[in-house]
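K.L.:
Got a file for you: data-v3.cif, mmCIF, C-alpha atoms and all ligand atoms.
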```cif
data_coords
loop_
_atom_site.label_atom_id
_atom_site.label_comp_id
_atom_site.auth_asym_id
_atom_site.auth_seq_id
_atom_site.Cartn_x
_atom_site.Cartn_y
_atom_site.Cartn_z
CA MET A 4 100.52 107.18 100.61
CA PRO A 5 97.16 105.34 101.12
CA SER A 6 97.62 102.27 103.30
CA TYR A 7 95.52 99.09 103.60
CA ASP A 8 95.53 95.85 105.55
CA VAL A 9 95.25 93.89 102.30
CA ILE A 10 95.53 94.80 98.61
CA VAL A 11 93.81 92.38 96.29
CA VAL A 12 95.06 92.44 92.69
CA GLY A 13 92.36 91.42 90.19
CA ALA A 14 88.57 91.59 90.42
CA GLY A 15 87.54 88.21 89.04
CA PRO A 16 85.55 85.88 91.33
CA ALA A 17 88.65 85.20 93.43
CA GLY A 18 89.58 88.83 94.05
CA THR A 19 86.09 90.15 94.74
CA THR A 20 85.30 87.22 97.05
CA ALA A 21 88.53 87.81 99.00
CA ALA A 22 87.78 91.53 99.35
CA TYR A 23 84.17 90.82 100.38
CA GLU A 24 85.26 88.44 103.12
CA LEU A 25 88.06 90.71 104.36
CA ALA A 26 85.74 93.72 104.53
CA LYS A 27 83.11 91.65 106.38
CA ALA A 28 85.83 90.70 108.88
CA GLY A 29 86.44 94.41 109.51
CA LEU A 30 89.69 94.70 107.54
CA ASN A 31 90.65 97.55 105.27
CA ALA A 32 90.81 96.00 101.79
CA LEU A 33 91.52 97.53 98.36
CA ILE A 34 90.87 95.78 95.03
CA LEU A 35 92.92 96.98 92.05
CA GLU A 36 91.54 95.85 88.67
CA LYS A 37 93.14 96.69 85.33
CA GLU A 38 89.89 96.69 83.28
CA LYS A 39 86.97 99.07 83.53
CA PHE A 40 83.91 97.17 84.78
CA PRO A 41 81.71 95.66 83.45
CA ARG A 42 84.24 93.84 81.27
CA TYR A 43 83.90 90.86 78.97
CA LYS A 44 85.57 87.73 80.33
CA PRO A 45 85.89 84.70 78.04
CA CYS A 46 84.35 81.87 80.04
CA GLY A 47 81.66 79.21 79.72
CA GLY A 48 80.07 80.83 82.76
CA GLY A 49 78.98 77.45 84.14
CA LEU A 50 78.61 77.52 87.92
CA SER A 51 78.24 74.04 89.35
CA LEU A 52 75.55 73.94 92.01
CA LYS A 53 78.11 73.66 94.81
CA ILE A 54 78.56 77.40 94.34
CA ASP A 55 75.49 77.71 96.61
CA ARG A 56 77.72 76.50 99.45
CA VAL A 57 80.13 79.44 99.12
CA LEU A 58 77.80 82.27 98.12
CA LYS A 59 76.87 84.69 100.91
CA PHE A 60 74.27 86.60 98.83
CA SER A 61 71.80 85.94 96.02
CA ILE A 62 73.01 85.83 92.42
CA LYS A 63 69.50 85.24 91.05
CA GLU A 64 69.47 88.47 89.02
CA VAL A 65 72.42 87.31 86.85
CA ILE A 66 71.41 83.67 86.27
CA GLU A 67 70.74 83.12 82.55
CA ALA A 68 69.65 79.48 82.81
CA THR A 69 69.52 76.66 85.37
CA VAL A 70 70.41 73.27 83.90
CA ARG A 71 69.42 69.79 85.06
CA GLY A 72 71.73 67.63 83.03
CA VAL A 73 74.09 67.09 80.14
CA TYR A 74 73.65 66.16 76.50
CA PHE A 75 76.72 63.95 76.07
CA SER A 76 78.02 63.15 72.61
CA TYR A 77 81.05 61.49 71.12
CA GLN A 78 82.42 63.47 68.17
CA GLN A 79 78.80 64.56 67.72
CA LYS A 80 78.04 61.32 65.90
CA GLU A 81 75.45 60.27 68.43
CA GLY A 82 74.08 61.82 71.58
CA LEU A 83 72.65 60.93 74.94
CA CYS A 84 70.72 63.43 77.08
CA LEU A 85 70.93 62.51 80.76
CA LEU A 86 68.62 64.77 82.74
CA SER A 87 68.37 64.71 86.50
CA ASP A 88 65.30 65.61 88.52
CA ARG A 89 67.36 68.32 90.28
CA PRO A 90 69.53 71.19 88.98
CA ILE A 91 73.26 70.66 88.49
CA ALA A 92 74.48 74.11 87.45
CA TYR A 93 73.67 77.77 86.82
CA MET A 94 74.73 79.62 83.70
CA VAL A 95 75.96 83.22 83.95
CA MET A 96 77.61 85.81 81.72
CA ARG A 97 80.84 86.80 83.40
CA ASP A 98 80.53 90.56 82.81
CA ARG A 99 77.30 90.65 84.83
CA PHE A 100 78.33 88.03 87.39
CA ASP A 101 81.72 89.62 88.13
CA SER A 102 80.15 93.10 88.37
CA LEU A 103 77.65 91.79 90.90
CA LEU A 104 80.47 90.28 92.99
CA ALA A 105 82.43 93.55 92.79
CA SER A 106 79.43 95.58 93.90
CA GLU A 107 78.84 93.19 96.84
CA ALA A 108 82.51 93.61 97.85
CA SER A 109 82.14 97.41 97.70
CA GLY A 110 78.86 97.18 99.62
CA ALA A 111 80.65 95.21 102.34
CA GLY A 112 83.18 98.04 102.71
CA ALA A 113 86.07 97.17 100.37
CA THR A 114 87.48 99.89 98.09
CA PHE A 115 87.22 98.93 94.40
CA LEU A 116 89.40 100.76 91.87
CA ASP A 117 88.85 99.53 88.33
CA GLY A 118 90.91 100.81 85.42
CA SER A 119 93.97 100.42 87.71
CA ARG A 120 96.53 98.05 86.28
CA VAL A 121 99.15 96.88 88.78
CA LYS A 122 102.59 97.24 87.24
CA GLY A 123 104.58 95.72 90.09
CA ILE A 124 105.10 95.38 93.81
CA SER A 125 108.08 95.78 96.12
CA HIS A 126 108.86 94.98 99.73
CA ALA A 127 108.29 97.97 102.03
CA LYS A 128 108.29 98.58 105.76
CA GLY A 129 105.50 96.47 107.30
CA GLY A 130 104.52 94.83 104.02
CA TYR A 131 104.42 95.89 100.36
CA ASP A 132 104.16 98.88 98.07
CA VAL A 133 101.89 98.20 95.10
CA PHE A 134 102.39 100.30 91.95
CA THR A 135 99.83 101.21 89.29
CA GLU A 136 100.54 103.49 86.29
CA ASP A 137 100.23 106.66 88.39
CA LYS A 138 99.83 105.71 92.06
CA VAL A 139 101.49 103.79 94.88
CA PHE A 140 99.57 102.02 97.64
CA ASN A 141 100.92 100.38 100.77
CA CYS A 142 99.62 97.27 102.54
CA LYS A 143 100.48 94.55 105.04
CA TYR A 144 99.42 91.65 102.78
CA VAL A 145 98.85 91.11 99.07
CA ILE A 146 96.39 88.68 97.53
CA GLY A 147 97.26 87.76 93.95
CA ALA A 148 93.95 87.19 92.16
CA ASP A 149 95.16 88.39 88.77
CA GLY A 150 94.66 85.14 86.87
CA ALA A 151 97.03 82.91 84.92
CA ASN A 152 100.54 84.34 84.63
CA GLY A 153 99.58 87.63 86.32
CA VAL A 154 102.00 90.14 87.83
CA ILE A 155 101.69 88.80 91.39
CA ARG A 156 102.04 85.19 90.30
CA ARG A 157 105.24 86.13 88.42
CA PHE A 158 106.57 87.91 91.53
CA THR A 159 106.18 84.84 93.76
CA HIS A 160 106.81 82.16 91.10
CA PRO A 161 109.07 83.64 88.40
CA GLN A 162 109.13 80.37 86.42
CA LYS A 163 106.41 80.14 83.75
CA MET A 164 103.11 78.62 84.85
CA ARG A 165 102.76 75.00 83.73
CA ALA A 166 99.73 72.94 82.81
CA VAL A 167 98.01 75.75 80.98
CA ALA A 168 95.42 74.20 78.66
CA ALA A 169 94.70 75.69 75.24
CA SER A 170 91.08 76.78 75.00
CA ILE A 171 88.79 78.71 72.69
CA GLU A 172 85.57 80.45 73.64
CA ALA A 173 82.90 82.36 71.73
CA GLU A 174 79.43 83.72 72.42
CA ILE A 175 77.30 82.62 69.49
CA PRO A 176 73.86 84.04 68.65
CA VAL A 177 71.25 81.29 68.36
CA ASP A 178 67.78 80.87 66.99
CA PRO A 179 65.65 81.91 70.04
CA HIS A 180 63.07 79.10 69.53
CA ALA A 181 65.74 76.44 69.31
CA ALA A 182 67.51 78.00 72.31
CA ASP A 183 64.36 77.67 74.46
CA ARG A 184 64.26 73.95 73.72
CA HIS A 185 67.82 73.48 74.86
CA ASN A 186 68.13 75.75 77.89
CA HIS A 187 67.79 73.06 80.56
CA TYR A 188 70.96 71.14 79.75
CA ILE A 189 74.53 71.73 78.65
CA HIS A 190 76.21 69.95 75.76
CA ILE A 191 79.53 68.19 76.28
CA ASP A 192 81.23 66.46 73.35
CA PHE A 193 83.98 63.97 74.09
CA GLY A 194 86.51 63.35 71.39
CA ALA A 195 85.95 66.76 69.75
CA ILE A 196 89.62 67.43 70.46
CA PRO A 197 92.39 65.08 71.63
CA TYR A 198 92.51 64.88 75.42
CA GLY A 199 89.74 67.37 76.11
CA TYR A 200 86.16 68.25 75.26
CA ALA A 201 83.95 70.80 73.56
CA TRP A 202 81.01 72.50 75.26
CA ALA A 203 77.95 74.58 74.50
CA PHE A 204 76.33 76.30 77.47
CA PRO A 205 72.90 77.95 77.09
CA LYS A 206 72.51 81.66 77.81
CA LYS A 207 69.73 84.11 77.01
CA GLY A 208 69.92 84.54 73.22
CA CYS A 209 73.31 82.92 72.78
CA LEU A 210 75.42 79.86 73.39
CA SER A 211 78.76 80.09 75.14
CA ALA A 212 80.65 77.54 73.12
CA GLY A 213 84.21 76.45 73.57
CA ILE A 214 86.78 73.75 73.36
CA ALA A 215 89.78 72.86 75.49
CA GLY A 216 92.62 70.39 75.03
CA PHE A 217 93.81 69.55 78.52
CA ARG A 218 97.22 68.03 78.00
CA GLY A 219 98.88 70.58 75.80
CA ILE A 220 98.95 68.07 72.90
CA VAL A 221 96.89 70.42 70.73
CA LYS A 222 98.48 73.85 70.37
CA GLN A 223 95.99 75.26 67.84
CA PRO A 224 92.43 74.21 68.77
CA LYS A 225 90.70 76.49 66.20
CA GLY A 226 90.05 73.80 63.57
CA TYR A 227 88.47 71.49 66.16
CA PHE A 228 86.34 74.36 67.43
CA ASP A 229 85.04 75.29 63.95
CA THR A 230 84.05 71.66 63.29
CA PHE A 231 82.18 71.49 66.61
CA ILE A 232 80.31 74.75 65.91
CA LYS A 233 79.25 73.78 62.39
CA ARG A 234 77.45 70.75 63.78
CA GLN A 235 75.36 72.68 66.36
CA ASP A 236 71.71 72.74 65.32
CA THR A 237 70.70 75.80 67.39
CA ILE A 238 72.99 78.22 65.62
CA SER A 239 71.30 80.54 63.17
CA ARG A 240 74.14 82.84 62.11
CA ILE A 241 77.41 81.01 62.11
CA GLU A 242 79.40 83.97 60.84
CA GLY A 243 78.19 86.17 63.73
CA TYR A 244 80.82 85.19 66.27
CA LYS A 245 84.41 85.90 67.15
CA HIS A 246 86.60 83.41 68.91
CA GLN A 247 89.96 83.64 70.54
CA GLY A 248 92.31 81.36 72.48
CA TYR A 249 92.64 81.70 76.24
CA PRO A 250 94.79 80.03 78.90
CA LEU A 251 93.14 77.65 81.34
CA PRO A 252 95.55 77.09 84.28
CA LEU A 253 94.69 73.54 85.30
CA PHE A 254 95.92 72.01 88.54
CA ARG A 255 98.93 69.81 87.96
CA ASN A 256 100.89 69.41 91.21
CA PRO A 257 100.39 70.75 94.72
CA GLN A 258 102.43 73.93 95.20
CA HIS A 259 103.04 76.56 97.86
CA LEU A 260 100.67 79.45 97.31
CA THR A 261 101.95 81.70 100.11
CA LYS A 262 105.21 83.58 100.17
CA ASP A 263 106.30 86.44 102.48
CA GLY A 264 102.81 87.86 103.09
CA ILE A 265 101.51 87.19 99.57
CA MET A 266 98.81 84.63 98.78
CA LEU A 267 97.74 83.34 95.37
CA VAL A 268 94.07 82.51 94.86
CA GLY A 269 92.00 81.20 91.93
CA ASP A 270 93.67 80.98 88.53
CA ALA A 271 96.81 82.68 89.86
CA GLY A 272 97.28 79.55 91.99
CA ASN A 273 96.50 77.02 89.19
CA LEU A 274 93.31 76.15 91.05
CA VAL A 275 91.30 74.86 88.09
CA ASP A 276 89.73 71.40 88.21
CA PRO A 277 91.81 69.21 85.83
CA PHE A 278 88.82 67.09 84.75
CA PHE A 279 86.04 69.59 84.01
CA GLY A 280 88.08 72.81 83.72
CA GLU A 281 85.88 74.40 86.37
CA GLY A 282 87.58 77.38 88.01
CA ILE A 283 84.99 79.81 89.37
CA TYR A 284 83.96 77.77 92.40
CA TYR A 285 87.60 77.07 93.29
CA ALA A 286 88.54 80.73 92.80
CA MET A 287 85.85 81.78 95.27
CA ARG A 288 86.53 78.99 97.74
CA SER A 289 90.32 79.57 97.77
CA ALA A 290 89.66 83.30 98.29
CA GLN A 291 87.45 82.55 101.28
CA ILE A 292 90.11 80.32 102.82
CA ALA A 293 92.82 82.95 102.18
CA SER A 294 90.72 85.71 103.78
CA THR A 295 90.02 83.64 106.88
CA VAL A 296 93.73 82.87 107.30
CA ILE A 297 94.72 86.56 106.88
CA SER A 298 92.03 87.74 109.33
CA GLU A 299 93.21 85.20 111.91
CA ALA A 300 96.85 86.19 111.41
CA ILE A 301 96.07 89.90 111.83
CA ASN A 302 93.97 89.22 114.95
CA LYS A 303 96.80 87.16 116.47
CA GLY A 304 99.45 89.69 115.42
CA SER A 305 101.16 86.89 113.47
CA SER A 306 102.61 87.05 109.96
CA ASP A 307 102.41 83.29 109.39
CA LEU A 308 100.03 82.48 106.50
CA SER A 309 101.16 78.90 105.98
CA ARG A 310 97.82 77.52 107.18
CA TYR A 311 96.44 78.59 103.78
CA ASP A 312 98.66 76.03 102.03
CA ALA A 313 97.62 73.35 104.51
CA LEU A 314 93.90 74.05 104.02
CA ILE A 315 94.17 74.20 100.22
CA GLY A 316 95.98 70.86 100.42
CA THR A 317 93.30 69.08 102.41
CA GLU A 318 90.24 70.66 100.81
CA LEU A 319 91.18 71.32 97.17
CA TYR A 320 94.31 69.37 96.23
CA THR A 321 92.89 66.01 97.36
CA GLU A 322 89.92 66.66 95.09
CA PHE A 323 92.08 67.80 92.16
CA GLN A 324 94.32 64.75 92.47
CA ALA A 325 91.28 62.47 92.20
CA ALA A 326 89.89 64.57 89.29
CA GLN A 327 93.27 64.29 87.56
CA LYS A 328 93.18 60.48 87.73
CA ILE A 329 89.65 60.46 86.31
CA SER A 330 90.71 62.82 83.53
CA TYR A 331 93.66 60.60 82.54
CA VAL A 332 91.33 57.67 81.96
CA ILE A 333 88.38 59.47 80.40
CA TYR A 334 90.27 61.73 78.00
CA THR A 335 92.60 58.93 76.93
CA PHE A 336 89.61 56.70 76.09
CA PRO A 337 86.75 59.14 75.38
CA MET A 338 84.79 56.73 73.21
CA MET A 339 84.81 54.09 75.95
CA TRP A 340 83.63 56.65 78.50
CA TYR A 341 80.79 57.73 76.22
CA ASN A 342 79.78 54.11 75.70
CA LEU A 343 79.92 53.48 79.42
CA LEU A 344 77.53 56.36 80.06
CA PHE A 345 75.24 54.90 77.42
CA GLU A 346 75.11 51.54 79.21
CA ARG A 347 75.35 52.82 82.78
CA PRO A 348 73.60 56.24 82.85
CA GLU A 349 73.47 56.16 86.66
CA LEU A 350 77.18 57.13 86.57
CA ALA A 351 76.17 60.56 85.28
CA GLU A 352 73.95 61.12 88.32
CA LYS A 353 76.89 60.22 90.56
CA TYR A 354 78.99 62.86 88.79
CA TYR A 355 76.13 65.37 89.04
CA ASN A 356 76.29 64.85 92.81
CA VAL A 357 79.96 65.90 92.69
CA LEU A 358 78.90 69.07 90.81
CA ARG A 359 76.21 69.70 93.42
CA GLY A 360 78.70 69.26 96.25
CA ASP A 361 76.67 66.33 97.62
CA SER A 362 79.59 64.04 96.76
CA ARG A 363 83.29 64.51 96.02
CA TYR A 364 85.74 63.50 93.28
CA THR A 365 87.52 61.29 95.83
CA LEU A 366 84.30 59.30 96.42
CA PHE A 367 83.43 59.16 92.71
CA LEU A 368 86.91 57.84 91.95
CA LYS A 369 86.62 55.25 94.73
CA GLU A 370 83.38 54.01 93.23
CA LEU A 371 84.86 53.83 89.71
CA LYS A 372 87.86 51.89 91.06
CA ALA A 373 85.69 49.48 93.05
CA ASN A 374 83.70 48.61 89.92
CA ALA A 375 86.53 48.98 87.41
CA GLY A 376 86.35 45.39 86.13
CA SER A 377 82.66 45.34 85.25
CA LEU A 378 82.70 48.95 83.97
CA MET A 379 85.61 48.18 81.64
CA LYS A 380 83.86 45.09 80.27
CA THR A 381 80.68 47.06 79.59
CA ALA A 382 82.55 49.91 77.89
CA ILE A 383 84.78 47.65 75.79
CA LYS A 384 81.84 45.51 74.67
CA ARG A 385 79.86 48.45 73.28
CA SER A 386 82.99 50.04 71.79
CA LEU A 387 83.88 46.82 69.96
CA VAL A 388 80.32 46.41 68.64
CA GLN A 389 80.50 49.96 67.30
CA LEU A 390 83.93 49.56 65.77
CA PHE A 391 82.97 46.39 63.89
CA SER A 392 79.42 47.36 62.87
C1 LIG B 1 87.52 79.46 77.65
C2 LIG B 1 87.29 79.28 79.14
C3 LIG B 1 86.07 78.78 79.59
C4 LIG B 1 85.86 78.60 80.98
N1 LIG B 1 84.65 78.14 81.41
C5 LIG B 1 84.44 77.98 82.74
C6 LIG B 1 83.17 77.56 83.23
O1 LIG B 1 82.22 77.37 82.47
N2 LIG B 1 83.03 77.41 84.57
C7 LIG B 1 84.04 77.64 85.44
O2 LIG B 1 83.86 77.46 86.66
N3 LIG B 1 85.24 78.06 85.00
C8 LIG B 1 85.46 78.25 83.68
N4 LIG B 1 86.66 78.72 83.25
C9 LIG B 1 87.69 79.05 84.23
C10 LIG B 1 87.36 80.40 84.88
O3 LIG B 1 87.14 81.37 83.88
C11 LIG B 1 88.49 80.84 85.80
O4 LIG B 1 88.93 79.75 86.56
C12 LIG B 1 88.04 81.96 86.72
O5 LIG B 1 87.74 83.12 85.98
C13 LIG B 1 89.13 82.26 87.75
O6 LIG B 1 88.81 83.42 88.47
P1 LIG B 1 89.97 84.37 89.01
O7 LIG B 1 89.27 85.42 89.78
O8 LIG B 1 91.02 83.58 89.64
O9 LIG B 1 90.65 85.00 87.70
P2 LIG B 1 90.01 85.89 86.55
O10 LIG B 1 88.57 85.67 86.44
O11 LIG B 1 90.87 85.66 85.36
O12 LIG B 1 90.22 87.36 87.07
C14 LIG B 1 91.49 87.96 87.09
C15 LIG B 1 91.29 89.46 87.07
O13 LIG B 1 92.55 90.10 87.27
C16 LIG B 1 92.64 91.21 86.43
N5 LIG B 1 94.06 91.50 86.25
C17 LIG B 1 94.99 90.79 85.58
N6 LIG B 1 96.19 91.38 85.65
C18 LIG B 1 96.02 92.50 86.41
C19 LIG B 1 96.88 93.54 86.83
N7 LIG B 1 98.18 93.56 86.49
N8 LIG B 1 96.38 94.54 87.59
C20 LIG B 1 95.09 94.54 87.94
N9 LIG B 1 94.20 93.59 87.54
C21 LIG B 1 94.67 92.58 86.80
C22 LIG B 1 91.94 90.75 85.15
O14 LIG B 1 91.52 91.86 84.36
C23 LIG B 1 90.76 89.97 85.73
O15 LIG B 1 89.62 90.78 85.94
C24 LIG B 1 86.89 78.92 81.89
C25 LIG B 1 88.10 79.45 81.43
C26 LIG B 1 88.30 79.62 80.06
C27 LIG B 1 89.61 80.19 79.58
#
```
Just give me the structure as structure tokens.

P.N.:
Amino acid sequence: MPSYDVIVVGAGPAGTTAAYELAKAGLNALILEKEKFPRYKPCGGGLSLKIDRVLKFSIKEVIEATVRGVYFSYQQKEGLCLLSDRPIAYMVMRDRFDSLLASEASGAGATFLDGSRVKGISHAKGGYDVFTEDKVFNCKYVIGADGANGVIRRFTHPQKMRAVAASIEAEIPVDPHAADRHNHYIHIDFGAIPYGYAWAFPKKGCLSAGIAGFRGIVKQPKGYFDTFIKRQDTISRIEGYKHQGYPLPLFRNPQHLTKDGIMLVGDAGNLVDPFFGEGIYYAMRSAQIASTVISEAINKGSSDLSRYDALIGTELYTEFQAAQKISYVIYTFPMMWYNLLFERPELAEKYYNVLRGDSRYTLFLKELKANAGSLMKTAIKRSLVQLFS
């Protein structure tokens, strides 16, 4: 039976990053992926600029657009385009982006088997046996990178994953001339759906548009999505798209992500930012942390992986807890937030710095708290004027 130091289940950004790092550290890593690559992955494909801090190679060839700001709107009744003088995010299509990451992992020395769905795992001497339809592989450690409610997640945490937001995503063909005009910013609409937002991200020849309700209040977001799409002015053929609902496993509470030689990374660990719904950066960063901890454990001859939980706690959970507080306020009062941005546009630049990794959610929250009184007054004043005009 083929044997590996680590088997990584799932070849999204988390799995391929883990395998890349493990291979670079000289470990024998296998990635098992159920789909044949390249595969379509429903996703906005927005990479906040802090991705530059975790990338070890260029992704230039798969960047569809680089954006410098956001066109904010409230229920698309009015809009406010807040552009920065520096980029805030890259836009990618996930089939191309994930294939590039997989080929970098293979290039670093990991074995990549696509079309290999993992059916289950079981304890075995020295680690685990991992079963696909027709093969069995053995390893010392398993990394579960198989997304929300995947096989590995269910093995370590049999209870159903909580805090999964309802979302819809579609790639929509757009008028190429209109698309050129809009390819340097993303569109975020507050109030398009209760407790969430709608987005339109520019790509070459299409918009990745979607909607997500973050608190589970809305179970069927389709109607909200259709309304958002009908109001987009760049769309030339509205009937030319398909949309489907997808789970978005938002962070809710800190949890243990290691158990008996298994680690959960990315969506499998609920590591999605609860304010923006950003998951790719956190998938890659958690995978890097997991790989470092496994490499250290193997070098020391130890089987203790608990440092992973500690590092996720200090680096990611503190951020998510701050993002969660911000999301409670903003999505409960989306109109006030929109009005606040209108009156105090410098707040957007402060958030852009969080996206760039030059600042953090914890600092942004601190600043909002310190100025809460005056910010509230400003937001309420404009909201009241609007309500009574
Ligand atoms: C509608 C929508 C829009 C989003 N937009 C953005 C965005 O703009 N920016 C952003 O940062 N994040 C976004 N996200 C979140 C982002 O897509 C995820 O957080 C990210 O893909 C997580 O990466 P991952 O590697 O953990 O999991 P995934 O990318 O889900 O990869 C998991 C992989 O595991 C494979 N797999 C599953 N089960 C098995 C099995 N049994 N055996 C083998 N392989 C298996 C799957 O085929 C898949 O390739 C969005 C999510 C949704 C739903």

K.L.:
For ligand LIG 1 (chain B), what centre and edge lengths in Å (one decimal) does the axis-aligned box get once 4 Å is added on each side of all its listed atoms, as lines of an AutoDock Vina configuration file?

P.N.:
```
center_x = 90.2
center_y = 86.0
center_z = 83.7
size_x = 24.0
size_y = 25.2
size_z = 20.1
```

K.L.:
Counting only C-alpha atoms and all ligand atoms, which residue out of A:Ile124, A:Leu50, A:Met379, A:Val221 sits closest to ligand LIG 1 (chain B)?

P.N.:
A:Leu50

K.L.:
Step by step: start from the point (70.3, 69.0, 83.8) in the file's coordinates, keep every protein, DNA or RNA residue that has an atom no farther than 7 Å from it, count only C-alpha atoms, and write the set as a list in words.

P.N.:
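Protein and nucleic acid residues near the point are Val70, Arg71, Gly72, Val73, Leu86, Ser87, Pro90, Ile91, His187 and Tyr188 of chain A.
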
K.L.:
Nearest to ligand LIG 1 (chain B) among A:Glu349, A:Glu107, A:Glu81, A:Asp117, with distances taken over all atoms listed in the file: which residue is it?

P.N.:
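Closest to ligand LIG 1 (chain B), using all atoms listed in the file: A:Asp117.
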
K.L.:
Could you work out how far atom CA of A:Asp8 lies from atom CA of A:Ile54, giving the answer in Å with one decimal?

P.N.:
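About the pair atom CA of A:Ile54 and atom CA of A:Asp8: they are 27.5 Å apart.
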
K.L.:
Step by step, measure atom-to-atom distances between ligand LIG 1 (chain B) and each residue using all atoms listed in the file, keep those at most 7 Å, then write them as a VMD selection string.

P.N.:
chain A and resid 12 to 18 35 to 38 45 to 50 119 to 122 148 to 151 153 to 154 170 to 172 213 249 to 251 268 to 271 275 280 to 284 286

K.L.:
Between A:Arg89, A:Arg99, A:Lys80, A:Lys128, which has the minimum distance to A:Glu64 (counting all atoms listed in the file)?

P.N.:
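Among the listed residues, the smallest separation from A:Glu64 belongs to A:Arg99.
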
K.L.:
Pick out the residues sitting within 10 Å of A:Ala195, and hand them over as a PyMOL selection string; count only C-alpha atoms, and ignore anything fewer than 2 positions along from it in its own chain.

P.N.:
chain A and resi 76-79+191-193+197-202+214-216+224+227-228+230-231+337

K.L.:
From the set A:Ala92, A:Val167, A:Ala26, A:Met4, which residue has the shortest atom-to-atom contact distance to A:Asn273, counting only C-alpha atoms?

P.N.:
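The closest residue to A:Asn273 is A:Val167.
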
K.L.:
Between atom CA of A:Ile196 and atom CA of A:Asn256, what is the spacing in Å?

P.N.:
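Going from atom CA of A:Asn256 over to atom CA of A:Ile196 covers 23.7 Å.
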
K.L.:
For A:Leu274, which of A:Tyr320, A:Phe60, A:Phe217, A:Tyr355 is the closest residue, counting all atoms listed in the file?

P.N.:
A:Tyr320

K.L.:
For A:Ala108, which residue among A:Ala22, A:Tyr74, A:Ile189, A:Lys143 is the nearest when counting all atoms listed in the file?

P.N.:
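Of all the options, A:Ala22 lies closest to A:Ala108.
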
K.L.:
When you draw a straight line from atom CA of A:Ile265 to atom CA of A:Ala105, how long is it in Å?

P.N.:
21.2 Å

K.L.:
Just give me the residues with any atom within 9 Å of (91.2, 56.0, 85.3), file coordinates, counting only C-alpha atoms, written as a count of residues only.

P.N.:
12

K.L.:
Residues within 10 Å of A:Asn141, please, as a PDB file with C-alpha atoms, in the frame of the given file. Count all atoms listed in the file; anything in the same chain fewer than 3 positions from it doesn't count.

P.N.:
```pdb
ATOM      1  CA  MET A   4     100.520 107.180 100.610  1.00  0.00           C
ATOM      2  CA  PRO A   5      97.160 105.340 101.120  1.00  0.00           C
ATOM      3  CA  SER A   6      97.620 102.270 103.300  1.00  0.00           C
ATOM      4  CA  TYR A   7      95.520  99.090 103.600  1.00  0.00           C
ATOM      5  CA  ASP A   8      95.530  95.850 105.550  1.00  0.00           C
ATOM      6  CA  VAL A   9      95.250  93.890 102.300  1.00  0.00           C
ATOM      7  CA  ILE A  10      95.530  94.800  98.610  1.00  0.00           C
ATOM      8  CA  ILE A 124     105.100  95.380  93.810  1.00  0.00           C
ATOM      9  CA  SER A 125     108.080  95.780  96.120  1.00  0.00           C
ATOM     10  CA  HIS A 126     108.860  94.980  99.730  1.00  0.00           C
ATOM     11  CA  ALA A 127     108.290  97.970 102.030  1.00  0.00           C
ATOM     12  CA  LYS A 128     108.290  98.580 105.760  1.00  0.00           C
ATOM     13  CA  GLY A 129     105.500  96.470 107.300  1.00  0.00           C
ATOM     14  CA  GLY A 130     104.520  94.830 104.020  1.00  0.00           C
ATOM     15  CA  TYR A 131     104.420  95.890 100.360  1.00  0.00           C
ATOM     16  CA  ASP A 132     104.160  98.880  98.070  1.00  0.00           C
ATOM     17  CA  VAL A 133     101.890  98.200  95.100  1.00  0.00           C
ATOM     18  CA  PHE A 134     102.390 100.300  91.950  1.00  0.00           C
ATOM     19  CA  TYR A 144      99.420  91.650 102.780  1.00  0.00           C
ATOM     20  CA  VAL A 145      98.850  91.110  99.070  1.00  0.00           C
TER      21      VAL A 145
END
```

K.L.:
Would you kindly return, as a list in words, each protein, DNA or RNA residue with an atom no farther than 9 Å from any atom of A:Ala293, considering all atoms listed in the file and excluding same-chain residues fewer than 5 positions away?

P.N.:
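Counting all atoms listed in the file, the residues come to Ala21, Ile146, Met266, Leu267, Val268, Arg288, Ser298, Leu308, Arg310 and Tyr311 of chain A.
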